[in-house]
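Below: input39.cif (mmCIF, C-alpha atoms)
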```
data_coords
#
loop_
_atom_site.group_PDB
_atom_site.id
_atom_site.type_symbol
_atom_site.label_atom_id
_atom_site.label_comp_id
_atom_site.auth_asym_id
_atom_site.auth_seq_id
_atom_site.Cartn_x
_atom_site.Cartn_y
_atom_site.Cartn_z
ATOM 1 C CA MET A 183 -34.051 12.030 2.894
ATOM 2 C CA PRO A 184 -30.628 13.009 4.289
ATOM 3 C CA PRO A 185 -29.194 16.394 3.271
ATOM 4 C CA GLU A 186 -27.536 16.510 -0.140
ATOM 5 C CA ALA A 187 -24.182 17.331 1.461
ATOM 6 C CA ALA A 188 -24.379 14.118 3.498
ATOM 7 C CA LEU A 189 -25.037 12.062 0.366
ATOM 8 C CA VAL A 190 -22.104 13.648 -1.466
ATOM 9 C CA ALA A 191 -19.866 13.005 1.556
ATOM 10 C CA ALA A 192 -21.110 9.414 1.664
ATOM 11 C CA TYR A 193 -20.227 8.905 -2.000
ATOM 12 C CA ARG A 194 -16.674 10.094 -1.456
ATOM 13 C CA ALA A 195 -16.260 7.972 1.685
ATOM 14 C CA MET A 196 -17.643 4.878 -0.054
ATOM 15 C CA VAL A 197 -15.334 5.220 -3.067
ATOM 16 C CA LEU A 198 -12.280 5.734 -0.826
ATOM 17 C CA GLY A 199 -13.431 2.883 1.393
ATOM 18 C CA ARG A 200 -13.788 0.448 -1.483
ATOM 19 C CA ARG A 201 -10.359 1.284 -2.868
ATOM 20 C CA PHE A 202 -8.854 0.863 0.600
ATOM 21 C CA ASP A 203 -10.659 -2.463 0.941
ATOM 22 C CA GLU A 204 -9.288 -3.693 -2.384
ATOM 23 C CA GLN A 205 -5.785 -2.571 -1.441
ATOM 24 C CA ALA A 206 -5.930 -4.257 1.968
ATOM 25 C CA ASP A 207 -7.105 -7.487 0.368
ATOM 26 C CA ALA A 208 -4.177 -7.335 -2.065
ATOM 27 C CA LEU A 209 -1.761 -6.740 0.829
ATOM 28 C CA ALA A 210 -3.090 -9.838 2.559
ATOM 29 C CA ARG A 211 -2.511 -11.920 -0.560
ATOM 30 C CA GLN A 212 1.027 -10.540 -0.736
ATOM 31 C CA GLY A 213 1.670 -11.668 2.842
ATOM 32 C CA ARG A 214 1.873 -8.146 4.277
ATOM 33 C CA LEU A 215 -1.256 -8.786 6.350
ATOM 34 C CA ALA A 216 -1.982 -12.021 8.175
ATOM 35 C CA VAL A 217 -5.565 -11.954 6.920
ATOM 36 C CA TYR A 218 -8.148 -9.428 5.743
ATOM 37 C CA PRO A 219 -11.953 -9.575 6.003
ATOM 38 C CA SER A 220 -13.387 -7.609 3.083
ATOM 39 C CA SER A 221 -16.457 -5.384 3.285
ATOM 40 C CA LEU A 222 -16.889 -5.204 -0.506
ATOM 41 C CA GLY A 223 -20.533 -4.397 -1.252
ATOM 42 C CA GLN A 224 -21.222 -3.284 2.312
ATOM 43 C CA GLU A 225 -19.863 0.251 2.025
ATOM 44 C CA ALA A 226 -23.142 1.994 2.864
ATOM 45 C CA PHE A 227 -23.165 0.319 6.241
ATOM 46 C CA GLN A 228 -19.476 1.103 6.766
ATOM 47 C CA VAL A 229 -19.475 4.853 6.152
ATOM 48 C CA ALA A 230 -22.796 5.716 7.806
ATOM 49 C CA PRO A 231 -21.544 5.665 11.432
ATOM 50 C CA ALA A 232 -18.882 8.285 10.681
ATOM 51 C CA LEU A 233 -21.529 10.563 9.195
ATOM 52 C CA VAL A 234 -24.098 10.330 12.008
ATOM 53 C CA LEU A 235 -21.972 10.089 15.163
ATOM 54 C CA ARG A 236 -20.684 13.143 16.974
ATOM 55 C CA ALA A 237 -16.996 13.449 17.872
ATOM 56 C CA GLY A 238 -17.777 12.568 21.497
ATOM 57 C CA ASP A 239 -19.774 9.425 20.667
ATOM 58 C CA TRP A 240 -18.219 5.957 20.798
ATOM 59 C CA LEU A 241 -17.943 3.370 18.042
ATOM 60 C CA PHE A 242 -17.530 -0.359 18.777
ATOM 61 C CA PRO A 243 -16.368 -2.092 15.571
ATOM 62 C CA THR A 244 -15.797 -5.707 14.536
ATOM 63 C CA TYR A 245 -12.929 -7.167 12.539
ATOM 64 C CA ARG A 246 -14.847 -6.490 9.284
ATOM 65 C CA ASP A 247 -15.251 -2.769 9.926
ATOM 66 C CA SER A 248 -11.901 -1.369 8.789
ATOM 67 C CA VAL A 249 -13.629 0.945 6.317
ATOM 68 C CA ALA A 250 -15.787 2.321 9.137
ATOM 69 C CA LEU A 251 -12.603 3.183 11.029
ATOM 70 C CA ILE A 252 -10.862 5.000 8.174
ATOM 71 C CA SER A 253 -14.142 6.841 7.516
ATOM 72 C CA ARG A 254 -13.939 8.041 11.123
ATOM 73 C CA GLY A 255 -10.496 9.462 10.329
ATOM 74 C CA ILE A 256 -8.247 6.828 11.888
ATOM 75 C CA ASP A 257 -4.890 6.284 10.183
ATOM 76 C CA PRO A 258 -5.138 3.244 7.858
ATOM 77 C CA ALA A 259 -1.838 1.785 9.075
ATOM 78 C CA GLY A 260 -3.210 1.869 12.600
ATOM 79 C CA VAL A 261 -6.425 0.244 11.449
ATOM 80 C CA LEU A 262 -4.510 -2.639 9.848
ATOM 81 C CA THR A 263 -2.202 -3.232 12.821
ATOM 82 C CA LEU A 264 -4.500 -5.886 14.301
ATOM 83 C CA LEU A 265 -4.835 -7.688 10.966
ATOM 84 C CA ARG A 266 -1.088 -7.527 10.501
ATOM 85 C CA GLY A 267 -0.643 -9.290 13.827
ATOM 86 C CA ASP A 268 1.580 -6.591 15.315
ATOM 87 C CA TRP A 269 -0.531 -5.481 18.255
ATOM 88 C CA HIS A 270 -4.067 -5.624 19.640
ATOM 89 C CA SER A 271 -4.888 -2.150 18.318
ATOM 90 C CA GLY A 272 -2.875 0.292 16.259
ATOM 91 C CA TYR A 273 -4.809 3.377 17.346
ATOM 92 C CA ASP A 274 -5.600 5.012 20.683
ATOM 93 C CA PRO A 275 -9.195 4.070 21.567
ATOM 94 C CA MET A 276 -9.581 7.000 23.962
ATOM 95 C CA ALA A 277 -8.332 9.571 21.461
ATOM 96 C CA TRP A 278 -10.620 8.305 18.701
ATOM 97 C CA ARG A 279 -13.539 7.277 20.923
ATOM 98 C CA THR A 280 -13.371 3.971 19.072
ATOM 99 C CA ALA A 281 -12.944 0.614 20.769
ATOM 100 C CA PRO A 282 -10.394 -1.876 19.410
ATOM 101 C CA GLN A 283 -11.734 -4.034 16.615
ATOM 102 C CA CYS A 284 -13.436 -7.096 18.045
ATOM 103 C CA THR A 285 -12.678 -10.510 16.573
ATOM 104 C CA PRO A 286 -14.758 -12.706 18.932
ATOM 105 C CA LEU A 287 -18.395 -12.409 17.900
ATOM 106 C CA ALA A 288 -20.578 -10.093 20.018
ATOM 107 C CA THR A 289 -18.282 -9.785 23.038
ATOM 108 C CA HIS A 290 -18.062 -6.022 22.483
ATOM 109 C CA ALA A 291 -21.846 -5.591 22.646
ATOM 110 C CA ALA A 292 -21.895 -5.597 26.443
ATOM 111 C CA HIS A 293 -18.931 -3.210 26.492
ATOM 112 C CA ALA A 294 -20.921 -0.735 24.406
ATOM 113 C CA VAL A 295 -23.860 -0.966 26.800
ATOM 114 C CA GLY A 296 -21.645 -0.491 29.841
ATOM 115 C CA LEU A 297 -19.879 2.533 28.387
ATOM 116 C CA ALA A 298 -23.128 4.172 27.286
ATOM 117 C CA HIS A 299 -24.667 3.657 30.727
ATOM 118 C CA ALA A 300 -21.540 4.991 32.471
ATOM 119 C CA GLU A 301 -21.462 8.090 30.279
ATOM 120 C CA ARG A 302 -25.103 8.793 31.107
ATOM 121 C CA LEU A 303 -24.387 8.441 34.829
ATOM 122 C CA LYS A 304 -21.700 11.113 34.392
ATOM 123 C CA GLY A 305 -24.258 13.431 32.813
ATOM 124 C CA ALA A 306 -22.903 13.205 29.255
ATOM 125 C CA ASP A 307 -25.145 12.820 26.203
ATOM 126 C CA THR A 308 -22.826 10.224 24.643
ATOM 127 C CA VAL A 309 -24.210 7.513 22.372
ATOM 128 C CA ALA A 310 -22.463 4.184 21.805
ATOM 129 C CA LEU A 311 -22.864 2.524 18.413
ATOM 130 C CA ALA A 312 -21.959 -1.158 18.170
ATOM 131 C CA LEU A 313 -21.442 -2.759 14.763
ATOM 132 C CA LEU A 314 -22.386 -6.426 14.519
ATOM 133 C CA GLY A 315 -22.705 -9.143 11.908
ATOM 134 C CA ASP A 316 -25.684 -11.448 11.556
ATOM 135 C CA GLY A 317 -23.631 -14.276 13.061
ATOM 136 C CA ALA A 318 -23.175 -12.230 16.240
ATOM 137 C CA THR A 319 -26.940 -12.305 16.871
ATOM 138 C CA SER A 320 -26.647 -16.068 17.429
ATOM 139 C CA GLU A 321 -24.220 -15.551 20.326
ATOM 140 C CA GLY A 322 -25.159 -15.376 23.983
ATOM 141 C CA ASP A 323 -23.240 -12.118 24.501
ATOM 142 C CA PHE A 324 -25.555 -10.382 22.043
ATOM 143 C CA HIS A 325 -28.702 -11.405 23.911
ATOM 144 C CA GLU A 326 -27.252 -10.534 27.316
ATOM 145 C CA ALA A 327 -26.235 -7.113 26.062
ATOM 146 C CA LEU A 328 -29.611 -6.550 24.426
ATOM 147 C CA ASN A 329 -31.447 -7.482 27.603
ATOM 148 C CA LEU A 330 -29.192 -5.329 29.794
ATOM 149 C CA ALA A 331 -29.489 -2.310 27.505
ATOM 150 C CA GLY A 332 -33.263 -2.681 27.428
ATOM 151 C CA VAL A 333 -33.490 -2.812 31.211
ATOM 152 C CA LEU A 334 -31.088 0.106 31.699
ATOM 153 C CA HIS A 335 -32.667 2.106 28.868
ATOM 154 C CA ALA A 336 -29.086 2.764 27.787
ATOM 155 C CA PRO A 337 -28.248 5.230 24.966
ATOM 156 C CA VAL A 338 -26.807 2.612 22.620
ATOM 157 C CA VAL A 339 -27.507 1.548 19.034
ATOM 158 C CA PHE A 340 -26.808 -1.928 17.695
ATOM 159 C CA LEU A 341 -26.315 -1.847 13.922
ATOM 160 C CA VAL A 342 -26.406 -5.371 12.480
ATOM 161 C CA GLN A 343 -25.095 -5.900 8.964
ATOM 162 C CA ASN A 344 -27.042 -8.911 7.799
ATOM 163 C CA ASN A 345 -24.877 -9.976 4.873
ATOM 164 C CA GLY A 346 -26.422 -13.423 4.592
ATOM 165 C CA TYR A 347 -23.600 -15.561 5.924
ATOM 166 C CA ALA A 348 -21.626 -16.145 9.115
ATOM 167 C CA ILE A 349 -18.511 -17.555 7.446
ATOM 168 C CA SER A 350 -20.122 -20.439 5.522
ATOM 169 C CA VAL A 351 -23.355 -20.652 7.546
ATOM 170 C CA PRO A 352 -26.372 -19.034 5.826
ATOM 171 C CA LEU A 353 -28.842 -17.031 7.865
ATOM 172 C CA CYS A 354 -31.534 -19.707 7.552
ATOM 173 C CA ALA A 355 -29.258 -22.104 9.446
ATOM 174 C CA GLN A 356 -28.703 -19.585 12.263
ATOM 175 C CA THR A 357 -32.171 -18.489 13.268
ATOM 176 C CA ALA A 358 -35.838 -19.253 12.694
ATOM 177 C CA ALA A 359 -36.829 -15.642 13.342
ATOM 178 C CA PRO A 360 -38.496 -13.944 10.334
ATOM 179 C CA SER A 361 -36.102 -11.040 10.817
ATOM 180 C CA LEU A 362 -33.192 -10.227 13.094
ATOM 181 C CA GLY A 363 -35.139 -7.111 14.048
ATOM 182 C CA TYR A 364 -37.612 -9.322 15.894
ATOM 183 C CA LYS A 365 -34.888 -10.110 18.398
ATOM 184 C CA GLY A 366 -35.087 -6.496 19.541
ATOM 185 C CA ILE A 367 -38.855 -6.594 19.920
ATOM 186 C CA GLY A 368 -38.519 -9.607 22.190
ATOM 187 C CA TYR A 369 -36.425 -7.533 24.596
ATOM 188 C CA GLY A 370 -38.713 -4.529 24.521
ATOM 189 C CA VAL A 371 -36.477 -2.253 22.466
ATOM 190 C CA ARG A 372 -37.022 -0.296 19.284
ATOM 191 C CA ALA A 373 -36.130 -2.303 16.162
ATOM 192 C CA GLU A 374 -35.945 -1.294 12.503
ATOM 193 C CA ARG A 375 -35.022 -2.951 9.203
ATOM 194 C CA VAL A 376 -33.352 -1.037 6.394
ATOM 195 C CA ASP A 377 -31.961 -1.667 2.922
ATOM 196 C CA GLY A 378 -28.254 -1.852 3.718
ATOM 197 C CA ASN A 379 -27.273 -1.135 0.108
ATOM 198 C CA ASP A 380 -29.132 2.178 0.053
ATOM 199 C CA VAL A 381 -26.901 4.643 1.878
ATOM 200 C CA ALA A 382 -29.651 7.284 2.006
ATOM 201 C CA ALA A 383 -31.929 4.847 3.830
ATOM 202 C CA VAL A 384 -29.152 3.738 6.182
ATOM 203 C CA LEU A 385 -28.275 7.344 7.029
ATOM 204 C CA ALA A 386 -31.907 8.270 7.618
ATOM 205 C CA VAL A 387 -32.645 5.355 9.954
ATOM 206 C CA LEU A 388 -29.308 5.446 11.754
ATOM 207 C CA ALA A 389 -29.401 9.201 12.351
ATOM 208 C CA ALA A 390 -32.904 8.892 13.811
ATOM 209 C CA ALA A 391 -31.806 6.002 16.037
ATOM 210 C CA VAL A 392 -28.705 7.786 17.336
ATOM 211 C CA GLU A 393 -30.503 11.017 18.156
ATOM 212 C CA ASP A 394 -33.456 9.225 19.772
ATOM 213 C CA ALA A 395 -31.039 7.234 21.949
ATOM 214 C CA ARG A 396 -29.257 10.478 22.836
ATOM 215 C CA ALA A 397 -32.552 12.091 23.832
ATOM 216 C CA GLY A 398 -33.392 9.253 26.236
ATOM 217 C CA GLY A 399 -35.208 6.845 23.943
ATOM 218 C CA GLY A 400 -32.986 3.932 24.938
ATOM 219 C CA LEU A 401 -31.592 1.104 22.842
ATOM 220 C CA TRP A 402 -32.243 0.719 19.119
ATOM 221 C CA LEU A 403 -31.582 -2.418 17.085
ATOM 222 C CA VAL A 404 -31.166 -1.686 13.365
ATOM 223 C CA GLU A 405 -30.902 -4.562 10.900
ATOM 224 C CA ALA A 406 -29.327 -3.581 7.577
ATOM 225 C CA HIS A 407 -29.816 -6.083 4.747
ATOM 226 C CA THR A 408 -26.753 -6.318 2.529
ATOM 227 C CA TYR A 409 -24.481 -8.952 1.036
ATOM 228 C CA ARG A 410 -20.869 -10.028 1.388
ATOM 229 C CA ILE A 411 -19.637 -9.942 -2.211
ATOM 230 C CA GLY A 412 -16.146 -11.095 -1.288
ATOM 231 C CA PRO A 413 -15.039 -14.089 0.770
ATOM 232 C CA HIS A 414 -15.351 -14.198 4.544
ATOM 233 C CA THR A 415 -11.625 -13.410 4.696
ATOM 234 C CA SER A 416 -8.710 -13.583 2.298
ATOM 235 C CA ALA A 417 -8.237 -17.191 3.504
ATOM 236 C CA ASP A 418 -11.781 -18.270 2.554
ATOM 237 C CA ASP A 419 -13.165 -19.952 -0.582
ATOM 238 C CA PRO A 420 -16.836 -18.886 -0.804
ATOM 239 C CA SER A 421 -17.454 -20.981 -3.917
ATOM 240 C CA ARG A 422 -17.645 -24.005 -1.622
ATOM 241 C CA TYR A 423 -20.860 -22.871 0.026
ATOM 242 C CA ARG A 424 -22.690 -20.379 -2.231
ATOM 243 C CA PRO A 425 -23.472 -20.208 -5.963
ATOM 244 C CA ALA A 426 -21.867 -17.635 -8.226
ATOM 245 C CA GLU A 427 -25.317 -16.644 -9.537
ATOM 246 C CA GLU A 428 -26.271 -15.404 -6.069
ATOM 247 C CA VAL A 429 -23.225 -13.153 -5.932
ATOM 248 C CA GLU A 430 -23.960 -11.665 -9.346
ATOM 249 C CA GLN A 431 -27.550 -10.876 -8.357
ATOM 250 C CA TRP A 432 -26.227 -8.776 -5.501
ATOM 251 C CA ARG A 433 -23.571 -7.081 -7.630
ATOM 252 C CA ALA A 434 -26.469 -5.505 -9.504
ATOM 253 C CA ARG A 435 -27.481 -3.822 -6.234
ATOM 254 C CA ASP A 436 -24.068 -2.242 -5.712
ATOM 255 C CA PRO A 437 -24.441 0.590 -3.158
ATOM 256 C CA ILE A 438 -21.934 2.897 -4.859
ATOM 257 C CA ASP A 439 -23.580 2.534 -8.253
ATOM 258 C CA ARG A 440 -26.990 3.228 -6.720
ATOM 259 C CA LEU A 441 -25.795 6.374 -4.999
ATOM 260 C CA SER A 442 -23.910 7.512 -8.096
ATOM 261 C CA ARG A 443 -27.080 7.298 -10.198
ATOM 262 C CA ARG A 444 -29.041 9.212 -7.586
ATOM 263 C CA LEU A 445 -26.470 11.987 -7.356
ATOM 264 C CA ARG A 446 -26.181 12.298 -11.126
ATOM 265 C CA ASP A 447 -29.952 12.503 -11.477
ATOM 266 C CA ARG A 448 -29.913 15.433 -9.046
ATOM 267 C CA GLY A 449 -26.990 17.174 -10.700
ATOM 268 C CA LEU A 450 -24.754 16.586 -7.671
ATOM 269 C CA LEU A 451 -22.190 14.406 -9.456
ATOM 270 C CA ASP A 452 -20.605 14.582 -12.911
ATOM 271 C CA ASP A 453 -17.770 12.793 -14.697
ATOM 272 C CA LYS A 454 -15.176 15.353 -13.623
ATOM 273 C CA THR A 455 -16.072 15.102 -9.946
ATOM 274 C CA ALA A 456 -16.255 11.312 -10.082
ATOM 275 C CA ALA A 457 -12.810 11.176 -11.695
ATOM 276 C CA ALA A 458 -11.380 13.465 -9.009
ATOM 277 C CA VAL A 459 -12.795 11.266 -6.237
ATOM 278 C CA ALA A 460 -11.390 8.162 -7.933
ATOM 279 C CA ALA A 461 -7.970 9.830 -8.185
ATOM 280 C CA ASP A 462 -8.063 10.705 -4.480
ATOM 281 C CA ALA A 463 -8.975 7.096 -3.701
ATOM 282 C CA GLU A 464 -6.024 5.834 -5.757
ATOM 283 C CA ALA A 465 -3.660 8.210 -3.970
ATOM 284 C CA PHE A 466 -5.051 7.014 -0.645
ATOM 285 C CA ALA A 467 -4.432 3.377 -1.624
ATOM 286 C CA ALA A 468 -0.869 4.218 -2.689
ATOM 287 C CA ALA A 469 -0.212 5.799 0.713
ATOM 288 C CA VAL A 470 -1.518 2.648 2.414
ATOM 289 C CA ARG A 471 0.836 0.513 0.288
ATOM 290 C CA GLU A 472 3.772 2.704 1.240
ATOM 291 C CA GLN A 473 2.957 2.565 4.936
ATOM 292 C CA LEU A 474 2.553 -1.199 4.957
ATOM 293 C CA ALA A 475 5.762 -1.729 2.963
ATOM 294 C CA GLN A 476 7.763 -0.719 6.025
ATOM 295 C CA ALA A 477 8.763 -3.661 8.211
ATOM 296 C CA PRO A 478 7.409 -3.203 11.752
ATOM 297 C CA ARG A 479 9.775 -2.864 14.694
ATOM 298 C CA LEU A 480 8.455 -5.221 17.328
ATOM 299 C CA ASP A 481 9.518 -5.615 20.936
ATOM 300 C CA PRO A 482 8.751 -9.115 22.253
ATOM 301 C CA GLY A 483 8.781 -7.714 25.761
ATOM 302 C CA SER A 484 5.734 -5.606 24.959
ATOM 303 C CA LEU A 485 3.656 -8.799 25.206
ATOM 304 C CA PHE A 486 3.768 -8.294 28.961
ATOM 305 C CA ASP A 487 2.603 -4.673 28.919
ATOM 306 C CA HIS A 488 -0.902 -3.914 30.165
ATOM 307 C CA VAL A 489 -1.471 -7.421 31.584
ATOM 308 C CA PHE A 490 -1.335 -6.399 35.255
ATOM 309 C CA HIS A 491 -0.651 -3.018 36.828
ATOM 310 C CA THR A 492 1.943 -4.741 39.007
ATOM 311 C CA PRO A 493 3.466 -7.738 37.185
ATOM 312 C CA THR A 494 3.162 -11.056 38.952
ATOM 313 C CA PRO A 495 6.356 -12.978 39.766
ATOM 314 C CA GLN A 496 5.541 -15.407 36.946
ATOM 315 C CA LEU A 497 5.209 -12.591 34.403
ATOM 316 C CA ALA A 498 8.390 -10.932 35.630
ATOM 317 C CA ALA A 499 10.290 -14.208 35.269
ATOM 318 C CA ALA A 500 8.925 -14.811 31.756
ATOM 319 C CA ARG A 501 9.850 -11.291 30.681
ATOM 320 C CA ALA A 502 13.333 -11.646 32.078
ATOM 321 C CA GLU A 503 13.742 -14.861 30.126
ATOM 322 C CA ILE A 504 12.736 -13.140 26.859
ATOM 323 C CA ASP A 505 14.904 -10.092 27.572
ATOM 324 C CA GLY A 506 17.887 -12.352 28.140
ATOM 325 C CA ALA A 507 17.342 -14.408 24.993
#
```

With the file now loaded, output its structure as structure tokens.
Amino acid sequence: MPPEAALVAAYRAMVLGRRFDEQADALARQGRLAVYPSSLGQEAFQVAPALVLRAGDWLFPTYRDSVALISRGIDPAGVLTLLRGDWHSGYDPMAWRTAPQCTPLATHAAHAVGLAHAERLKGADTVALALLGDGATSEGDFHEALNLAGVLHAPVVFLVQNNGYAISVPLCAQTAAPSLGYKGIGYGVRAERVDGNDVAAVLAVLAAAVEDARAGGGLWLVEAHTYRIGPHTSADDPSRYRPAEEVEQWRARDPIDRLSRRLRDRGLLDDKTAAAVAADAEAFAAAVREQLAQAPRLDPGSLFDHVFHTPTPQLAAARAEIDGA
């Protein structure tokens, strides 16, 4: 069982994360974000990385992991920059030891392996943690990264949130494997399954995986079983491919409610504390609204930044055309 302080911290992070998630979804429906992929119901998976990683470790998130980023301390406006369509990343990856959010499935898995291996060659004890969805395990990049990490014995952890669907495709239509964890066994790496709606279990397994990888144990593949309560994105209609009864069954397994009951049973949470956390979450959401209400100042010429160290003649001509428009 994780320390009580970690569980209390997880509760606070999950409540703030859910309120942020709700606010971001509302902003998308108001047109202030281009789109937003909700992590409603998956908060245990989202906050755990921030609680088990050291400051020097690296996180490789996907487009659905905005709550994981704010739990790591990244400014929410910076987190939402990609989903607003303003820039590729609104935060400094080097400063936060957090890669830009990855929209293509699984392409960041190999990046995590490469960084972890490079850090080890430099003599650092850095661990890379890559967040993935179940749909990513059906991509070639995932298998190449898994194989490479296994061969290199790289200090990297793949944390797969198996939420049952890759957009509208259910897991049974993606793989015949009895568990996504078996994909790790096939490559000779340590694999574990965990209840993704039980934050205590997620913290326990993930902390063990991260520290074992740091100590030289090599790659871990952790499959966390959870459920996507909301739509795939704010542009999706999940009623077209899954029954409402299925969603309600999973609402009864809400990770915040489960943790709340556990903390109250141990005398670690009462109504006053819960109300204070909820008030902090509301204030956090209000700050996000205020930040996103400001119209961004965009420079079309910035499209050409960071493409080549020395711009090609074609890029220089295109930039000159935009600058003169």

**Request:** Please provide as a ChimeraX atom specification all residues within 8 Å of Arg372 of chain A, with the sequence filter that same-chain residues fewer than 5 positions apart are discarded (counting only C-alpha atoms).
**Result:** /A:366-367,401-403

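Closest approach to Leu198 of chain A from the set A:Gly255, A:Gly506, A:Pro184, A:Gly398 is made by A:Gly255, with distances taken over all atoms listed in the file.
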
Could you give me, as a short mmCIF file (atom, residue, chain, number, x, y, z; two decimals) with C-alpha atoms, in the frame of the given file, the residues within 8 Å of Ile438 of chain A, counting all atoms listed in the file and dropping anything in the same chain fewer than 2 positions from it?
```
data_model
loop_
_atom_site.label_atom_id
_atom_site.label_comp_id
_atom_site.auth_asym_id
_atom_site.auth_seq_id
_atom_site.Cartn_x
_atom_site.Cartn_y
_atom_site.Cartn_z
CA TYR A 193 -20.23 8.90 -2.00
CA MET A 196 -17.64 4.88 -0.05
CA VAL A 197 -15.33 5.22 -3.07
CA GLU A 225 -19.86 0.25 2.02
CA ALA A 226 -23.14 1.99 2.86
CA ASP A 436 -24.07 -2.24 -5.71
CA ARG A 440 -26.99 3.23 -6.72
CA LEU A 441 -25.80 6.37 -5.00
CA SER A 442 -23.91 7.51 -8.10
#
```

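Of the residues under consideration (A:Ala300, A:Ala382, A:Ala259, A:Val342), A:Ala259 shows the shortest atom-to-atom contact distance to Gln476 of chain A when counting all atoms listed in the file.
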
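Within the 10 Å cut-off around Ser350 of chain A, using all atoms listed in the file and omitting residues fewer than 2 positions from it on the same chain, the listed residues are Gly346, Tyr347, Ala348, Pro352, Leu353, Pro413, His414, Asp418, Asp419, Pro420, Ser421, Arg422, Tyr423 and Arg424 of chain A.
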
**Message:** For this structure, which residues satisfy the selection - the PyMOL selection byres ((chain A and resi 385) around 10) - when it is evaluated on the file as given? I want them as number ranges by chain.
**Reply:** A: 183-185, 188-189, 192, 226-227, 229-231, 233-234, 376, 378, 380-384, 386-391

How close does each residue of segment 340-442 of chain A get to segment 306-326 of chain A, giving the shortest atom pair and distance in Å to one decimal for every residue with an atom at most 8 Å away, counting all atoms listed in the file, sorted by chain and residue number, as a Markdown table?
```
| residue | atom | partner | partner_atom | distance |
| --- | --- | --- | --- | --- |
| A:Phe340 | CA | A:Ala312 | CA | 4.9 |
| A:Leu341 | CA | A:Leu313 | CA | 5.0 |
| A:Val342 | CA | A:Leu314 | CA | 4.6 |
| A:Gln343 | CA | A:Gly315 | CA | 5.0 |
| A:Asn344 | CA | A:Asp316 | CA | 4.7 |
| A:Asn345 | CA | A:Asp316 | CA | 6.9 |
| A:Gly346 | CA | A:Asp316 | CA | 7.3 |
| A:Tyr347 | CA | A:Gly317 | CA | 7.3 |
| A:Ala348 | CA | A:Gly317 | CA | 4.8 |
| A:Leu353 | CA | A:Asp316 | CA | 7.4 |
| A:Gln356 | CA | A:Ser320 | CA | 6.6 |
| A:Thr357 | CA | A:Ser320 | CA | 7.3 |
| A:Leu362 | CA | A:Thr319 | CA | 7.6 |
| A:Val392 | CA | A:Val309 | CA | 6.8 |
| A:Ala395 | CA | A:Val309 | CA | 6.8 |
| A:Arg396 | CA | A:Asp307 | CA | 5.8 |
| A:Ala397 | CA | A:Asp307 | CA | 7.8 |
```

**the PyMOL selection byres ((chain A and resi 222) around 10) resolved against shown file, as an NGL selection string** = :A and (199-201 or 203-204 or 219-221 or 223-225 or 228 or 249 or 409-413 or 433 or 436-437)
